[in-house]
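Shown next: start-v5.pdb, containing PDB, C-alpha atoms.
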ATOM      1  CA  MET Y   1     -12.312  -4.161 -10.309
ATOM      2  CA  LYS Y   2     -10.936  -4.098 -13.792
ATOM      3  CA  ASN Y   3      -9.153  -0.778 -14.057
ATOM      4  CA  GLY Y   4      -5.760  -1.219 -12.490
ATOM      5  CA  LEU Y   5      -4.403  -1.592  -9.003
ATOM      6  CA  PHE Y   6      -5.864   1.622  -7.550
ATOM      7  CA  ASP Y   7      -9.449   0.536  -7.642
ATOM      8  CA  ILE Y   8     -11.936  -1.185  -5.437
ATOM      9  CA  THR Y   9      -9.555  -4.117  -4.921
ATOM     10  CA  LEU Y  10      -7.025  -1.970  -3.141
ATOM     11  CA  VAL Y  11      -9.707  -0.164  -1.207
ATOM     12  CA  SER Y  12     -11.400  -3.419  -0.198
ATOM     13  CA  PHE Y  13      -8.375  -5.443   0.765
ATOM     14  CA  VAL Y  14      -5.932  -2.872   2.097
ATOM     15  CA  PHE Y  15      -7.472   0.431   3.067
ATOM     16  CA  THR Y  16     -10.809  -0.706   4.463
ATOM     17  CA  PRO Y  17      -9.421  -3.501   6.698
ATOM     18  CA  MET Y  18      -6.865  -1.032   8.013
ATOM     19  CA  VAL Y  19      -9.512   1.571   8.831
ATOM     20  CA  LEU Y  20     -11.790  -1.077  10.341
ATOM     21  CA  THR Y  21      -8.994  -2.484  12.473
ATOM     22  CA  ILE Y  22      -7.944   0.922  13.770
ATOM     23  CA  THR Y  23     -11.551   1.878  14.459
ATOM     24  CA  LEU Y  24     -12.238  -1.366  16.285
ATOM     25  CA  LEU Y  25      -9.078  -1.138  18.401
ATOM     26  CA  LEU Y  26      -9.857   2.493  19.267
ATOM     27  CA  GLY Y  27     -13.403   1.463  20.162
ATOM     28  CA  ILE Y  28     -12.164  -1.313  22.463
ATOM     29  CA  TRP Y  29      -9.707   1.066  24.116
ATOM     30  CA  TRP Y  30     -12.428   3.736  24.480
ATOM     31  CA  VAL Y  31     -14.842   1.305  26.152
ATOM     32  CA  ARG Y  32     -12.194  -0.257  28.402
ATOM     33  CA  THR Y  33     -10.900   3.080  29.674
ATOM     34  CA  ARG Y  34     -14.322   4.696  30.031
ATOM     35  CA  ASN Y  35     -14.297   4.738  33.821
ATOM     36  CA  SER Y  36     -10.760   6.030  34.258
ATOM     37  CA  ARG Y  37     -11.076   8.485  31.363
ATOM     38  CA  SER Y  38     -13.802  10.517  32.997
ATOM     39  CA  THR Y  39     -11.412  11.595  35.781
ATOM     40  CA  LEU Y  40      -8.317  12.061  33.612
ATOM     41  CA  ASP Y  41      -7.007  15.223  32.068
ATOM     42  CA  GLY Y  42      -5.164  15.305  28.737
ATOM     43  CA  PRO Y  43      -1.520  14.930  29.826
ATOM     44  CA  LYS Y  44      -2.451  12.335  32.428
ATOM     45  CA  LEU Y  45      -4.486  10.400  29.872
ATOM     46  CA  LEU Y  46      -1.576  10.448  27.425
ATOM     47  CA  LEU Y  47       0.971   9.398  30.020
ATOM     48  CA  ALA Y  48      -1.299   6.716  31.491
ATOM     49  CA  ALA Y  49      -1.824   5.220  28.043
ATOM     50  CA  ALA Y  50       1.895   5.363  27.237
ATOM     51  CA  GLY Y  51       2.785   3.902  30.633
ATOM     52  CA  ARG Y  52       0.843   0.779  29.751
ATOM     53  CA  LEU Y  53       3.276   0.155  26.907
ATOM     54  CA  LEU Y  54       6.243  -0.001  29.245
ATOM     55  CA  PRO Y  55       7.727  -3.467  29.750
ATOM     56  CA  LYS Y  56       6.822  -5.107  33.057
ATOM     57  CA  GLU Y  57      10.185  -4.380  34.698
ATOM     58  CA  ARG Y  58       9.763  -0.651  33.918
ATOM     59  CA  ARG Y  59       6.116  -0.236  34.939
ATOM     60  CA  ASP Y  60       6.956   1.388  38.271
ATOM     61  CA  TRP Y  61       8.760   4.119  36.334
ATOM     62  CA  GLY Y  62       5.503   4.853  34.537
ATOM     63  CA  VAL Y  63       3.763   5.197  37.897
ATOM     64  CA  ALA Y  64       6.603   7.432  39.109
ATOM     65  CA  MET Y  65       6.234   9.732  36.106
ATOM     66  CA  LEU Y  66       2.461   9.927  36.643
ATOM     67  CA  ALA Y  67       3.024  10.833  40.302
ATOM     68  CA  GLU Y  68       5.407  13.620  39.270
ATOM     69  CA  LEU Y  69       2.889  14.869  36.732
ATOM     70  CA  ALA Y  70       0.295  15.084  39.506
ATOM     71  CA  GLN Y  71       2.494  17.706  41.194
ATOM     72  CA  LEU Y  72       2.527  20.055  38.219
ATOM     73  CA  GLN Y  73      -0.110  22.740  37.910
ATOM     74  CA  ASN Y  74       0.787  24.801  34.865
ATOM     75  CA  PRO Y  75      -0.991  23.316  31.800
ATOM     76  CA  SER Y  76       1.890  23.849  29.365
ATOM     77  CA  THR Y  77       4.424  22.454  31.853
ATOM     78  CA  ARG Y  78       2.192  19.454  32.341
ATOM     79  CA  TRP Y  79       1.946  18.845  28.589
ATOM     80  CA  TRP Y  80       5.699  19.156  28.026
ATOM     81  CA  PHE Y  81       6.421  16.867  30.960
ATOM     82  CA  ALA Y  82       3.842  14.320  29.745
ATOM     83  CA  LEU Y  83       5.189  14.426  26.175
ATOM     84  CA  GLY Y  84       8.759  13.873  27.368
ATOM     85  CA  CYS Y  85       7.687  10.984  29.575
ATOM     86  CA  THR Y  86       5.610   9.502  26.752
ATOM     87  CA  ARG Y  87       8.728   9.399  24.606
ATOM     88  CA  VAL Y  88      10.486   7.523  27.418
ATOM     89  CA  ALA Y  89       7.544   5.139  27.757
ATOM     90  CA  LEU Y  90       7.530   4.426  24.040
ATOM     91  CA  PHE Y  91      11.299   3.959  23.812
ATOM     92  CA  PRO Y  92      12.496   2.999  27.297
ATOM     93  CA  PRO Y  93      16.181   2.230  27.768
ATOM     94  CA  ARG Y  94      16.851  -1.478  27.677
ATOM     95  CA  LYS Y  95      18.256  -3.046  30.778
ATOM     96  CA  GLY Y  96      21.990  -3.416  30.240
ATOM     97  CA  GLY Y  97      21.758  -1.885  26.756
ATOM     98  CA  LEU Y  98      20.710  -3.418  23.454
ATOM     99  CA  LEU Y  99      23.794  -5.588  22.999
ATOM    100  CA  GLN Y 100      23.500  -7.023  26.479
ATOM    101  CA  THR Y 101      19.790  -7.708  25.968
ATOM    102  CA  LEU Y 102      20.505  -9.552  22.741
ATOM    103  CA  ARG Y 103      23.337 -11.448  24.352
ATOM    104  CA  ASN Y 104      21.382 -12.395  27.441
ATOM    105  CA  ASN Y 105      17.972 -13.077  26.030
ATOM    106  CA  THR Y 106      17.440 -13.447  22.342
ATOM    107  CA  MET Y 107      20.584 -15.285  21.374
ATOM    108  CA  LYS Y 108      20.473 -17.435  24.477
ATOM    109  CA  ASN Y 109      16.856 -18.356  23.818
ATOM    110  CA  ILE Y 110      17.471 -19.141  20.187
ATOM    111  CA  ALA Y 111      20.503 -21.217  21.070
ATOM    112  CA  THR Y 112      18.860 -23.183  23.864
ATOM    113  CA  ASN Y 113      15.239 -23.155  22.761
ATOM    114  CA  PRO Y 114      14.979 -23.236  18.977
ATOM    115  CA  ARG Y 115      11.269 -24.076  19.158
ATOM    116  CA  SER Y 116      10.137 -20.461  19.576
ATOM    117  CA  ALA Y 117      12.385 -19.275  16.759
ATOM    118  CA  ALA Y 118      11.117 -22.076  14.529
ATOM    119  CA  LEU Y 119       7.488 -21.271  15.302
ATOM    120  CA  ILE Y 120       7.946 -17.539  14.678
ATOM    121  CA  GLY Y 121       9.779 -18.325  11.442
ATOM    122  CA  PHE Y 122       6.995 -20.691  10.413
ATOM    123  CA  LEU Y 123       4.327 -18.047  11.065
ATOM    124  CA  LEU Y 124       6.247 -15.400   9.147
ATOM    125  CA  ALA Y 125       6.916 -17.677   6.194
ATOM    126  CA  LEU Y 126       3.413 -19.111   6.054
ATOM    127  CA  PRO Y 127       1.692 -16.477   3.887
ATOM    128  CA  ILE Y 128       4.506 -16.459   1.342
ATOM    129  CA  SER Y 129       4.700 -20.260   1.335
ATOM    130  CA  LEU Y 130       1.009 -20.350   0.535
ATOM    131  CA  LEU Y 131       1.074 -17.589  -2.032
ATOM    132  CA  PHE Y 132       3.937 -19.184  -3.954
ATOM    133  CA  PRO Y 133       2.210 -22.463  -4.949
ATOM    134  CA  ILE Y 134      -1.050 -20.622  -5.516
ATOM    135  CA  ALA Y 135       0.641 -18.234  -7.903
ATOM    136  CA  VAL Y 136       2.934 -20.751  -9.604
ATOM    137  CA  LEU Y 137       0.482 -23.621  -9.903
ATOM    138  CA  GLN Y 138      -2.435 -21.314 -10.768
ATOM    139  CA  ILE Y 139      -4.584 -22.927  -8.079
ATOM    140  CA  GLU Y 140      -8.107 -21.546  -8.132
ATOM    141  CA  PRO Y 141      -9.438 -20.317  -4.793
ATOM    142  CA  PHE Y 142     -11.832 -22.717  -3.131
ATOM    143  CA  HIS Y 143     -14.803 -20.390  -3.001
ATOM    144  CA  GLY Y 144     -16.621 -22.253  -5.742
ATOM    145  CA  PHE Y 145     -19.021 -23.717  -3.206
ATOM    146  CA  LEU Y 146     -20.006 -20.185  -2.218
ATOM    147  CA  LYS Y 147     -20.961 -19.159  -5.771
ATOM    148  CA  PRO Y 148     -24.693 -19.989  -5.347
ATOM    149  CA  LEU Y 149     -24.762 -17.406  -2.586
ATOM    150  CA  PHE Y 150     -23.594 -14.664  -4.938
ATOM    151  CA  THR Y 151     -25.941 -15.313  -7.810
ATOM    152  CA  GLU Y 152     -29.670 -14.942  -8.143
ATOM    153  CA  ALA Y 153     -31.929 -17.901  -8.854
ATOM    154  CA  ASP Y 154     -31.239 -17.549 -12.564
ATOM    155  CA  GLY Y 155     -27.563 -18.299 -11.872
ATOM    156  CA  VAL Y 156     -26.402 -15.303 -13.882
ATOM    157  CA  ARG Y 157     -27.196 -12.066 -12.055
ATOM    158  CA  GLN Y 158     -25.140 -11.215  -9.003
ATOM    159  CA  ASN Y 159     -26.805 -11.168  -5.590
ATOM    160  CA  THR Y 160     -25.442  -7.867  -4.338
ATOM    161  CA  LEU Y 161     -26.510  -8.269  -0.720
ATOM    162  CA  SER Y 162     -24.755 -11.625  -0.308
ATOM    163  CA  LEU Y 163     -21.665 -10.211  -1.965
ATOM    164  CA  ILE Y 164     -21.584  -7.247   0.434
ATOM    165  CA  VAL Y 165     -22.044  -9.547   3.438
ATOM    166  CA  PHE Y 166     -19.309 -11.871   2.207
ATOM    167  CA  ILE Y 167     -16.838  -9.051   1.516
ATOM    168  CA  GLY Y 168     -17.692  -7.534   4.916
ATOM    169  CA  GLY Y 169     -16.914 -10.879   6.535
ATOM    170  CA  MET Y 170     -13.608 -11.066   4.693
ATOM    171  CA  LEU Y 171     -12.723  -7.553   5.769
ATOM    172  CA  LEU Y 172     -13.220  -8.551   9.377
ATOM    173  CA  LEU Y 173     -10.748 -11.420   9.053
ATOM    174  CA  PRO Y 174      -7.632  -9.252   9.552
ATOM    175  CA  VAL Y 175      -9.355  -7.637  12.528
ATOM    176  CA  ALA Y 176     -10.046 -11.075  14.000
ATOM    177  CA  LEU Y 177      -6.430 -12.037  13.341
ATOM    178  CA  ILE Y 178      -5.064  -8.961  15.125
ATOM    179  CA  ILE Y 179      -7.390  -9.390  18.125
ATOM    180  CA  ASN Y 180      -6.370 -13.030  18.294
ATOM    181  CA  ILE Y 181      -2.650 -12.281  18.066
ATOM    182  CA  VAL Y 182      -2.664  -9.597  20.800
ATOM    183  CA  PRO Y 183      -2.597 -12.076  23.749
ATOM    184  CA  ILE Y 184       0.144 -14.081  22.019
ATOM    185  CA  VAL Y 185       2.288 -10.963  21.575
ATOM    186  CA  ARG Y 186       1.707  -9.945  25.200
ATOM    187  CA  THR Y 187       2.682 -13.408  26.420
ATOM    188  CA  VAL Y 188       5.823 -13.498  24.306
ATOM    189  CA  ARG Y 189       6.794  -9.959  25.359
ATOM    190  CA  ALA Y 190       6.435 -11.042  28.978
ATOM    191  CA  GLY Y 191       9.045 -13.699  28.276
ATOM    192  CA  ASN Y 192       6.741 -16.720  28.106
ATOM    193  CA  SER Y 193       6.495 -19.329  25.393
ATOM    194  CA  ILE Y 194       4.611 -18.591  22.200
ATOM    195  CA  MET Y 195       2.660 -21.776  22.937
ATOM    196  CA  ALA Y 196       1.321 -20.415  26.232
ATOM    197  CA  ASN Y 197      -1.943 -19.625  24.411
ATOM    198  CA  PRO Y 198      -2.311 -22.772  22.255
ATOM    199  CA  ILE Y 199      -5.876 -22.035  21.158
ATOM    200  CA  ASN Y 200      -5.013 -18.495  20.070
ATOM    201  CA  PHE Y 201      -1.946 -19.828  18.302
ATOM    202  CA  LEU Y 202      -3.903 -22.453  16.369
ATOM    203  CA  LEU Y 203      -6.607 -19.924  15.541
ATOM    204  CA  ALA Y 204      -3.954 -17.477  14.304
ATOM    205  CA  VAL Y 205      -2.477 -20.151  12.039
ATOM    206  CA  ALA Y 206      -5.941 -21.058  10.734
ATOM    207  CA  LEU Y 207      -6.857 -17.406  10.107
ATOM    208  CA  LEU Y 208      -3.543 -16.742   8.407
ATOM    209  CA  LEU Y 209      -4.043 -19.780   6.186
ATOM    210  CA  PHE Y 210      -7.545 -18.682   5.290
ATOM    211  CA  ILE Y 211      -6.563 -15.057   4.602
ATOM    212  CA  ALA Y 212      -3.525 -16.062   2.579
ATOM    213  CA  THR Y 213      -5.572 -18.503   0.500
ATOM    214  CA  LEU Y 214      -8.298 -15.949  -0.162
ATOM    215  CA  VAL Y 215      -5.908 -13.123  -0.982
ATOM    216  CA  GLY Y 216      -3.643 -15.421  -2.999
ATOM    217  CA  GLY Y 217      -6.559 -16.770  -4.992
ATOM    218  CA  PHE Y 218      -7.828 -13.286  -5.572
ATOM    219  CA  ILE Y 219      -4.428 -12.091  -6.778
ATOM    220  CA  VAL Y 220      -4.137 -15.027  -9.187
ATOM    221  CA  ASP Y 221      -7.651 -14.353 -10.420
ATOM    222  CA  GLN Y 222      -7.238 -10.613 -10.896
ATOM    223  CA  TYR Y 223      -3.575 -10.380 -11.891
ATOM    224  CA  PRO Y 224      -4.308 -10.473 -15.660
ATOM    225  CA  CYS Y 225      -6.569  -7.442 -15.230
ATOM    226  CA  TRP Y 226      -3.878  -5.527 -13.330
ATOM    227  CA  ILE Y 227      -1.341  -6.071 -16.085
ATOM    228  CA  GLY Y 228      -3.839  -4.991 -18.726
ATOM    229  CA  VAL Y 229      -4.897  -8.233 -20.419
ATOM    230  CA  PRO Y 230      -7.881  -7.279 -22.556
ATOM    231  CA  ASN Y 231     -11.344  -8.649 -21.817
ATOM    232  CA  CYS Y 232     -10.412 -10.088 -18.453
ATOM    233  CA  ASP Y 233     -12.971 -10.250 -15.664
TER
ATOM    234  CA  MET R   1      29.580  -6.364  31.458
ATOM    235  CA  ASN R   2      31.413  -3.588  33.172
ATOM    236  CA  ASN R   3      30.941  -0.267  31.416
ATOM    237  CA  SER R   4      34.120   1.778  31.848
ATOM    238  CA  ARG R   5      33.140   4.559  29.449
ATOM    239  CA  ARG R   6      32.866   8.052  30.854
ATOM    240  CA  PRO R   7      29.175   8.931  31.247
ATOM    241  CA  SER R   8      27.582  11.507  28.952
ATOM    242  CA  THR R   9      27.536  15.164  29.926
ATOM    243  CA  GLN R  10      23.866  14.932  30.859
ATOM    244  CA  THR R  11      24.407  11.859  33.039
ATOM    245  CA  THR R  12      27.332  13.614  34.699
ATOM    246  CA  THR R  13      25.124  16.635  35.367
ATOM    247  CA  VAL R  14      22.502  14.428  37.041
ATOM    248  CA  LEU R  15      25.126  12.565  39.087
ATOM    249  CA  LEU R  16      26.674  15.804  40.282
ATOM    250  CA  ALA R  17      23.281  17.271  41.110
ATOM    251  CA  LEU R  18      22.443  14.229  43.202
ATOM    252  CA  ALA R  19      25.866  14.330  44.831
ATOM    253  CA  GLU R  20      25.333  17.893  46.052
ATOM    254  CA  ASP R  21      23.317  16.554  48.961
ATOM    255  CA  PRO R  22      24.012  12.820  48.970
ATOM    256  CA  THR R  23      21.810  11.947  51.935
ATOM    257  CA  ALA R  24      18.702  13.698  50.684
ATOM    258  CA  TRP R  25      16.029  11.905  48.677
ATOM    259  CA  ARG R  26      15.195  13.841  45.518
ATOM    260  CA  TYR R  27      12.149  14.015  43.258
ATOM    261  CA  GLY R  28      12.352  13.506  39.484
ATOM    262  CA  TYR R  29      10.846  16.857  38.548
ATOM    263  CA  GLU R  30      12.977  18.640  41.119
ATOM    264  CA  LEU R  31      16.070  17.178  39.414
ATOM    265  CA  CYS R  32      14.719  18.309  36.034
ATOM    266  CA  GLN R  33      14.456  21.866  37.335
ATOM    267  CA  GLN R  34      17.873  21.780  38.975
ATOM    268  CA  THR R  35      19.716  20.406  35.956
ATOM    269  CA  GLY R  36      17.638  22.034  33.237
ATOM    270  CA  LEU R  37      17.032  18.650  31.624
ATOM    271  CA  LYS R  38      13.653  17.700  30.168
ATOM    272  CA  ALA R  39      11.733  14.735  31.531
ATOM    273  CA  GLY R  40      12.406  12.851  28.291
ATOM    274  CA  SER R  41      16.143  13.009  29.021
ATOM    275  CA  MET R  42      16.010  12.763  32.803
ATOM    276  CA  TYR R  43      14.057   9.543  33.217
ATOM    277  CA  PRO R  44      16.174   7.358  30.883
ATOM    278  CA  ILE R  45      19.251   8.586  32.792
ATOM    279  CA  LEU R  46      17.645   7.759  36.137
ATOM    280  CA  MET R  47      16.602   4.330  34.822
ATOM    281  CA  ARG R  48      20.116   3.530  33.619
ATOM    282  CA  LEU R  49      21.692   4.741  36.852
ATOM    283  CA  ALA R  50      19.282   2.562  38.828
ATOM    284  CA  ASP R  51      19.988  -0.420  36.546
ATOM    285  CA  ARG R  52      23.694  -0.041  37.278
ATOM    286  CA  SER R  53      23.062   0.215  41.025
ATOM    287  CA  LEU R  54      24.399   3.754  41.086
ATOM    288  CA  LEU R  55      21.036   5.099  42.183
ATOM    289  CA  GLU R  56      18.676   3.860  44.860
ATOM    290  CA  THR R  57      14.987   4.502  44.601
ATOM    291  CA  THR R  58      12.096   4.445  47.022
ATOM    292  CA  TRP R  59       8.500   5.557  47.243
ATOM    293  CA  GLU R  60       7.300   8.385  49.430
ATOM    294  CA  SER R  61       5.889   7.095  52.705
ATOM    295  CA  ASP R  62       4.065  10.131  54.130
ATOM    296  CA  VAL R  63       1.693  10.997  51.373
ATOM    297  CA  PRO R  64      -0.946  13.695  51.754
ATOM    298  CA  ALA R  65      -4.445  12.465  50.958
ATOM    299  CA  GLY R  66      -5.516  12.877  47.368
ATOM    300  CA  ARG R  67      -2.206  12.526  45.645
ATOM    301  CA  PRO R  68      -0.148   9.493  44.624
ATOM    302  CA  PRO R  69       3.168   8.678  46.329
ATOM    303  CA  ARG R  70       6.179  10.053  44.470
ATOM    304  CA  HIS R  71       9.333   8.233  43.517
ATOM    305  CA  LEU R  72      12.477   9.365  45.299
ATOM    306  CA  TYR R  73      16.093   9.043  44.265
ATOM    307  CA  ARG R  74      19.520   9.285  45.807
ATOM    308  CA  LEU R  75      22.981   7.981  44.972
ATOM    309  CA  THR R  76      24.304   4.704  46.295
ATOM    310  CA  ASP R  77      27.874   4.452  47.578
ATOM    311  CA  SER R  78      29.131   3.410  44.160
ATOM    312  CA  GLY R  79      27.130   6.275  42.653
ATOM    313  CA  LEU R  80      28.802   8.686  45.033
ATOM    314  CA  GLU R  81      32.221   7.299  44.123
ATOM    315  CA  LEU R  82      31.500   7.790  40.459
ATOM    316  CA  ALA R  83      30.204  11.314  41.094
ATOM    317  CA  ALA R  84      33.411  12.103  43.007
ATOM    318  CA  GLU R  85      35.493  10.858  40.065
ATOM    319  CA  LEU R  86      33.438  12.896  37.636
ATOM    320  CA  ALA R  87      33.737  16.025  39.749
ATOM    321  CA  VAL R  88      37.441  16.085  38.861
ATOM    322  CA  PRO R  89      37.801  17.403  35.304
ATOM    323  CA  PRO R  90      39.313  14.795  32.966
ATOM    324  CA  VAL R  91      42.952  15.232  32.003
ATOM    325  CA  ARG R  92      43.185  15.702  28.259
ATOM    326  CA  THR R  93      44.741  12.721  26.516
ATOM    327  CA  ALA R  94      47.259  14.797  24.504
ATOM    328  CA  LYS R  95      48.422  16.588  27.633
ATOM    329  CA  ARG R  96      48.781  13.231  29.391
ATOM    330  CA  VAL R  97      50.826  11.798  26.491
ATOM    331  CA  ARG R  98      53.103  14.872  26.385
ATOM    332  CA  THR R  99      53.705  14.634  30.131
ATOM    333  CA  ARG R 100      54.497  10.932  29.808
ATOM    334  CA  LEU R 101      56.860  11.518  26.875
ATOM    335  CA  ARG R 102      58.662  14.254  28.793
ATOM    336  CA  THR R 103      58.971  11.999  31.826
ATOM    337  CA  GLU R 104      60.258   9.092  29.767
ATOM    338  CA  GLY R 105      62.629  11.312  27.759
ATOM    339  CA  ALA R 106      64.139  12.857  30.827
TER
END
Please render this file's structure as structure tokens.
Amino acid sequence: MKNGLFDITLVSFVFTPMVLTITLLLGIWWVRTRNSRSTLDGPKLLLAAAGRLLPKERRDWGVAMLAELAQLQNPSTRWWFALGCTRVALFPPRKGGLLQTLRNNTMKNIATNPRSAALIGFLLALPISLLFPIAVLQIEPFHGFLKPLFTEADGVRQNTLSLIVFIGGMLLLPVALIINIVPIVRTVRAGNSIMANPINFLLAVALLLFIATLVGGFIVDQYPCWIGVPNCD
Amino acid sequence: MNNSRRPSTQTTTVLLALAEDPTAWRYGYELCQQTGLKAGSMYPILMRLADRSLLETTWESDVPAGRPPRHLYRLTDSGLELAAELAVPPVRTAKRVRTRLRTEGA
């Protein structure tokens, strides 16, 4: 933890949560699609997965592309067709074009309903707003009450098992945040209010606060080591 | 917003292909084969044409067992009008200006 930025800190707080999140999401997808996957071939699987990403008003186009794929027999033709359609599913043309979409939806919503814009802005600014006072005011993280968990009875030696469990729990926080945010994103993409899932929203705010405080406190604590202050710990 | 721009070459190709037999319902892959366009180009064109009410779509009604119904496409009246306009090659702007200048000068 003491030898620069590319050490266990980076691995623990950036790389590992990323790998865990991806693994967990893949696992959820694998379990959820187990029944349909057994009867799917490669191109159909790819196109079916991509079709799910289409916005609601374009979903029937995804079904249409799948139906066309069902007519094709040649494996390479099927793959090329599926790849082309996947590109369309990932980047479908917007109804009326981008400018019209912005004009009709986003700008209109922001102008007539500033609440959503304010809430999104608040969520985006929250981590930075928390990190700033933590960094400037040198606020210590509030994990002092957890210290007995990390030390042996003598109060000096580290309790490795507790530390591993605690770090594991912290690593799962971003995963919990992403899982919690997914329904909010789906609701907002469907054109509903960000407050349609109030419990998820509050939980997301709480998780963000907790993560930002932990990470902020950790950065403040470890920053001297990263810049090479001697004898830091 | 009324889009008065001339459609792209690929869109024109699709419109003209559909206009060849305006009463017939066509399949997406069949259009790909006819025009030589890949699915990744064809479907966005079909979506935009449908959005602008130039193309009508429907689902196959008589479907053989064991396969999903396919989406069918054909031009609407406004689509046919546009295809008819596009079938006439555009007059080059410079040629049009020269003709106009000659007419006005005469």
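Across the chains present, the ChimeraX specification (/Y :<7) & /R applied to this file returns R:Gly28, R:Tyr29, R:Lys38, R:Ala39, R:Gly40, R:Pro44, R:Asp51, R:Pro68, R:Pro69, R:Arg70, R:His71.
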Residue among R:Leu54, R:Leu46, R:Ala24, R:Leu31 lying closest to Leu82 in chain R, counting all atoms listed in the file: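 Residue with the minimum atom-to-atom distance to Leu82 in chain R: R:Leu54.
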Separation of CA of Ser76 in chain Y from CA of Leu90 in chain Y, in Å and rounded to one decimal: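 Separation of CA of Ser76 in chain Y and CA of Leu90 in chain Y: 20.9 Å.
For the residues R:Arg52, R:Thr35, R:Met42, R:Arg102, ranking by smallest atom-to-atom distance to Thr76 in chain R using only C-alpha atoms places R:Arg52 first.
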Interatomic distance (Å, one decimal) between CA of Leu208 in chain Y and CA of Leu161 in chain Y: 26.1 Å
Any idea what's packed within 7 Å of range 193-207 of chain Y, counting all atoms listed in the file, ignoring anything in its chain fewer than 6 positions away? Could you give it as a compact mmCIF listing (two decimals) with C-alpha atoms, in the frame of the given file?
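As written to disk, part_14.txt reads:
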# COMPACT_ATOMS: atom_id res chain seq x y z
CA SER Y 116 10.14 -20.46 19.58
CA LEU Y 177 -6.43 -12.04 13.34
CA ASN Y 180 -6.37 -13.03 18.29
CA ILE Y 181 -2.65 -12.28 18.07
CA ILE Y 184 0.14 -14.08 22.02
CA THR Y 187 2.68 -13.41 26.42
Could you check how far CA of Ile219 in chain Y sits from CA of Val182 in chain Y, in Å to one decimal?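 Interatomic distance, CA of Ile219 in chain Y to CA of Val182 in chain Y: 27.7 Å.
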Determine, counting all atoms listed in the file, which protein, DNA and RNA residues have an atom within 7 Å of an atom of range 3-17 of chain R; residues of the same chain fewer than 3 positions away are not included. Present the result as a PyMOL selection string. chain R and resi 20+35+45+83+86
Apply the PyMOL selection byres ((chain R and resi 58) around 9) to the structure shown and report the selected residues as number ranges by chain. R: 25, 56-57, 59-61, 70-74
Restricting the calculation to all atoms listed in the file, which member of Y:Ile28, Y:Arg78, Y:Val185, Y:Glu57 is positioned closest to Leu45 in chain Y?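 Among the listed residues, the smallest separation from Leu45 in chain Y belongs to Y:Arg78.
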Looking at all atoms listed in the file, which of R:Leu37, R:Leu75, R:Val88, R:Ala50 is the one that sits closest to Leu18 in chain R?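 Of all the options, R:Leu75 lies closest to Leu18 in chain R.
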